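The structure appears right after this line, and notes come after that.
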Amino acid sequence: MKKGTKDKILDAATSLMTERGYSNVSVKDIAATAGVSEMTVFRHFETKLGILHAVLQSHSYIPYFEHLFAQDLSGNLENDLKQIANTYLAFMEKNKPIFLITTQDRSMLPGLMDTISDNQTKQLLSLLAVYFQAQIEQGKMKEIDTNGQAIVFLTSLFGFFVSNALWDQHFLKDQQEIFIQHLVATFVSGVCV
């Protein structure tokens, strides 16, 4: 098994599925774009759905966020939330092809959105809720529903990302810095002691 072959297949699948959607791409198309045989594709991934799950796994941001929450945050709520917001939006932009694939084929692959939600969003919500709980215990935040506030914060970021991902000329284009500044300021003013 050549190390580069699997990555070539995943890159080809990501590119084709982003452009055409999952249902309009065949394993034959993926193999041709990757420059390998169909048998090679099946040797690495048993099914086309297996390829898609591998693409999703390769784009996971959870390992980075686990490290960020464990070691890189300062404890200053405003600064940390800005860092979390910028990092989240950077990863979402990098993973925009995955988002576009899932939105194109959501009716054909209903479990796909659940997989993404379970594997990424719920884990990130948990990390953020634990961070908020630590802030409460240190006397920096009011007693709040940490999970609910994590949902509010991440949903705001997700909405900003989706608006820009789906509409190239959206009014929020090029407004990320000011959006994060105001989102964090509003959030902090509502939860700080």
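Within each chain, counting starts at residue 1; across the structure tokens, chains are named A, B, ... in the order shown, with ligands numbered 1 upward in that order.
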
Could you list, with a cut-off of 12 Å and counting only C-alpha atoms, the residues of segment 1-71 of chain A near segment 130-152 of chain A, each shown with its nearest atom pair and the distance in Å rounded to one decimal, rows sorted by chain and ascending number, as CSV?
residue,atom,partner,partner_atom,distance
A:Phe65,CA,A:Tyr131,CA,11.8
A:Glu66,CA,A:Tyr131,CA,11.2
A:Leu68,CA,A:Tyr131,CA,11.0
A:Phe69,CA,A:Tyr131,CA,7.5
A:Ala70,CA,A:Tyr131,CA,9.4
A:Gln71,CA,A:Tyr131,CA,11.9

Output file for the residues above (all heavy atoms, as a PDB file, in the first residue's frame):
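Dumped to part20.pdb:
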ATOM      1  N   PHE A  65      -8.879  20.976  18.335  1.00  0.00           N
ATOM      2  CA  PHE A  65      -9.601  21.660  19.409  1.00  0.00           C
ATOM      3  C   PHE A  65      -9.330  21.034  20.772  1.00  0.00           C
ATOM      4  O   PHE A  65      -9.277  21.752  21.776  1.00  0.00           O
ATOM      5  CB  PHE A  65     -11.102  21.723  19.124  1.00  0.00           C
ATOM      6  CG  PHE A  65     -11.485  22.917  18.295  1.00  0.00           C
ATOM      7  CD1 PHE A  65     -11.820  22.779  16.966  1.00  0.00           C
ATOM      8  CD2 PHE A  65     -11.496  24.185  18.848  1.00  0.00           C
ATOM      9  CE1 PHE A  65     -12.164  23.880  16.203  1.00  0.00           C
ATOM     10  CE2 PHE A  65     -11.836  25.296  18.098  1.00  0.00           C
ATOM     11  CZ  PHE A  65     -12.171  25.140  16.768  1.00  0.00           C
ATOM     12  N   GLU A  66      -9.159  19.743  20.826  1.00  0.00           N
ATOM     13  CA  GLU A  66      -8.811  19.109  22.108  1.00  0.00           C
ATOM     14  C   GLU A  66      -7.495  19.681  22.628  1.00  0.00           C
ATOM     15  O   GLU A  66      -7.369  20.002  23.811  1.00  0.00           O
ATOM     16  CB  GLU A  66      -8.730  17.594  21.947  1.00  0.00           C
ATOM     17  CG  GLU A  66     -10.076  16.941  21.792  1.00  0.00           C
ATOM     18  CD  GLU A  66     -10.020  15.461  21.481  1.00  0.00           C
ATOM     19  OE1 GLU A  66      -8.989  14.988  20.953  1.00  0.00           O
ATOM     20  OE2 GLU A  66     -11.010  14.762  21.745  1.00  0.00           O
ATOM     21  N   LEU A  68      -6.181  22.626  21.717  1.00  0.00           N
ATOM     22  CA  LEU A  68      -6.410  24.048  21.992  1.00  0.00           C
ATOM     23  C   LEU A  68      -7.005  24.246  23.384  1.00  0.00           C
ATOM     24  O   LEU A  68      -6.500  25.046  24.174  1.00  0.00           O
ATOM     25  CB  LEU A  68      -7.354  24.645  20.936  1.00  0.00           C
ATOM     26  CG  LEU A  68      -7.743  26.113  21.141  1.00  0.00           C
ATOM     27  CD1 LEU A  68      -6.606  27.024  20.704  1.00  0.00           C
ATOM     28  CD2 LEU A  68      -8.997  26.444  20.352  1.00  0.00           C
ATOM     29  N   PHE A  69      -8.058  23.506  23.698  1.00  0.00           N
ATOM     30  CA  PHE A  69      -8.709  23.659  24.999  1.00  0.00           C
ATOM     31  C   PHE A  69      -7.817  23.181  26.143  1.00  0.00           C
ATOM     32  O   PHE A  69      -7.842  23.752  27.229  1.00  0.00           O
ATOM     33  CB  PHE A  69     -10.048  22.916  25.033  1.00  0.00           C
ATOM     34  CG  PHE A  69     -11.174  23.693  24.421  1.00  0.00           C
ATOM     35  CD1 PHE A  69     -11.464  23.586  23.066  1.00  0.00           C
ATOM     36  CD2 PHE A  69     -11.952  24.547  25.186  1.00  0.00           C
ATOM     37  CE1 PHE A  69     -12.501  24.297  22.492  1.00  0.00           C
ATOM     38  CE2 PHE A  69     -12.986  25.275  24.625  1.00  0.00           C
ATOM     39  CZ  PHE A  69     -13.262  25.152  23.275  1.00  0.00           C
ATOM     40  N   ALA A  70      -7.021  22.153  25.902  1.00  0.00           N
ATOM     41  CA  ALA A  70      -6.174  21.603  26.965  1.00  0.00           C
ATOM     42  C   ALA A  70      -4.947  22.455  27.238  1.00  0.00           C
ATOM     43  O   ALA A  70      -4.493  22.535  28.380  1.00  0.00           O
ATOM     44  CB  ALA A  70      -5.742  20.181  26.602  1.00  0.00           C
ATOM     45  N   GLN A  71      -4.399  23.135  26.198  1.00  0.00           N
ATOM     46  CA  GLN A  71      -3.094  23.753  26.394  1.00  0.00           C
ATOM     47  C   GLN A  71      -2.938  25.191  25.910  1.00  0.00           C
ATOM     48  O   GLN A  71      -2.051  25.892  26.391  1.00  0.00           O
ATOM     49  CB  GLN A  71      -2.024  22.891  25.718  1.00  0.00           C
ATOM     50  CG  GLN A  71      -2.027  21.493  26.265  1.00  0.00           C
ATOM     51  CD  GLN A  71      -0.764  20.743  25.944  1.00  0.00           C
ATOM     52  OE1 GLN A  71       0.211  21.319  25.475  1.00  0.00           O
ATOM     53  NE2 GLN A  71      -0.769  19.466  26.213  1.00  0.00           N
TER      54      GLN A  71
END

**Message:** Applying 10 Å and only C-alpha atoms, which residues near segment 96-106 of chain A remain after dropping the ones on its own chain fewer than 4 positions away? List them as a ChimeraX atom specification.
**Reply:** /A:14-24,52,55-56,59,90-92,110-113,116,161-162,165-166

Would you mind exporting C-alpha atoms of the selected residues as a PDB file, in the first residue's frame?
ATOM      1  CA  THR A  14     -13.444  15.445  -2.113  1.00  0.00           C
ATOM      2  CA  SER A  15     -12.954  17.493  -5.260  1.00  0.00           C
ATOM      3  CA  LEU A  16     -15.479  15.577  -7.357  1.00  0.00           C
ATOM      4  CA  MET A  17     -18.131  15.334  -4.647  1.00  0.00           C
ATOM      5  CA  THR A  18     -17.823  19.035  -3.852  1.00  0.00           C
ATOM      6  CA  GLU A  19     -18.338  19.890  -7.486  1.00  0.00           C
ATOM      7  CA  ARG A  20     -21.070  17.362  -8.350  1.00  0.00           C
ATOM      8  CA  GLY A  21     -22.428  15.988  -5.086  1.00  0.00           C
ATOM      9  CA  TYR A  22     -22.043  12.505  -3.661  1.00  0.00           C
ATOM     10  CA  SER A  23     -24.743  10.858  -5.765  1.00  0.00           C
ATOM     11  CA  ASN A  24     -23.376  12.157  -9.079  1.00  0.00           C
ATOM     12  CA  LEU A  52     -17.046   9.563   2.094  1.00  0.00           C
ATOM     13  CA  VAL A  55     -13.095  12.044   3.769  1.00  0.00           C
ATOM     14  CA  LEU A  56     -15.108  13.205   6.791  1.00  0.00           C
ATOM     15  CA  HIS A  59     -11.268  16.672   7.855  1.00  0.00           C
ATOM     16  CA  ALA A  90     -10.870  28.758   9.733  1.00  0.00           C
ATOM     17  CA  PHE A  91     -11.547  25.040  10.047  1.00  0.00           C
ATOM     18  CA  MET A  92     -15.055  25.415   8.640  1.00  0.00           C
ATOM     19  CA  PRO A 110     -29.828  11.278   6.052  1.00  0.00           C
ATOM     20  CA  GLY A 111     -27.402   9.602   8.448  1.00  0.00           C
ATOM     21  CA  LEU A 112     -24.512  11.655   7.104  1.00  0.00           C
ATOM     22  CA  MET A 113     -25.526  14.837   8.912  1.00  0.00           C
ATOM     23  CA  ILE A 116     -20.941  14.854  11.262  1.00  0.00           C
ATOM     24  CA  PHE A 161     -20.062  30.337   8.051  1.00  0.00           C
ATOM     25  CA  VAL A 162     -23.153  28.979   6.252  1.00  0.00           C
ATOM     26  CA  ALA A 165     -20.442  29.269   2.174  1.00  0.00           C
ATOM     27  CA  LEU A 166     -23.743  29.265   0.294  1.00  0.00           C
TER      28      LEU A 166
END

**Fill in**
Residue with the minimum atom-to-atom distance to Ala185 of chain A, picked from A:Leu127, A:Leu77, A:Met39, A:Leu154 with only C-alpha atoms counted, is A:Leu77

**Closest of A:Val25, A:Thr155, A:Gln57, A:Glu78 to Ser189 of chain A - atom-to-atom distances counting only C-alpha atoms** = A:Glu78

**Asked** Looking only at the backbone, which of the residues in segment 91-192 of chain A does DSSP tag as helix (DSSP H, G or I), as a ChimeraX atom specification?
**Response** /A:91-94,96-104,110-137,146-166,176-191

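Across the structure, atom CA of Gln83 of chain A and atom CA of Phe171 of chain A are spaced 23.4 Å apart.
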
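For the residues A:Phe42, A:Ser60, A:Asp29, A:Ala54, ranking by smallest atom-to-atom distance to Leu10 of chain A using only C-alpha atoms places A:Ala54 first.
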
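Of the listed residues A:Thr47, A:Asn76, A:Thr121, A:Ser156, the one whose atoms come nearest to His182 of chain A is A:Ser156, with distances taken using only C-alpha atoms.
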
**Request:** Just give me the gap between atom CA of Val27 of chain A and atom CA of Gly4 of chain A in Å, one decimal is fine.
**Result:** 17.9 Å

**Complete:** Using only C-alpha atoms, the shortest atom-to-atom distance to Ala85 of chain A among A:Ile30, A:Val36, A:Ala12, A:Leu157 belongs to A:Leu157

**Request:** One decimal, Å: what's the distance from atom CA of Ala129 of chain A over to atom CA of Phe179 of chain A, could you say?
**Result:** 21.7 Å

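Restricting the calculation to only C-alpha atoms, the smallest distance between Phe160 of chain A and any of A:Lys48, A:Lys173, A:Lys122, A:Lys82 is found for A:Lys173.
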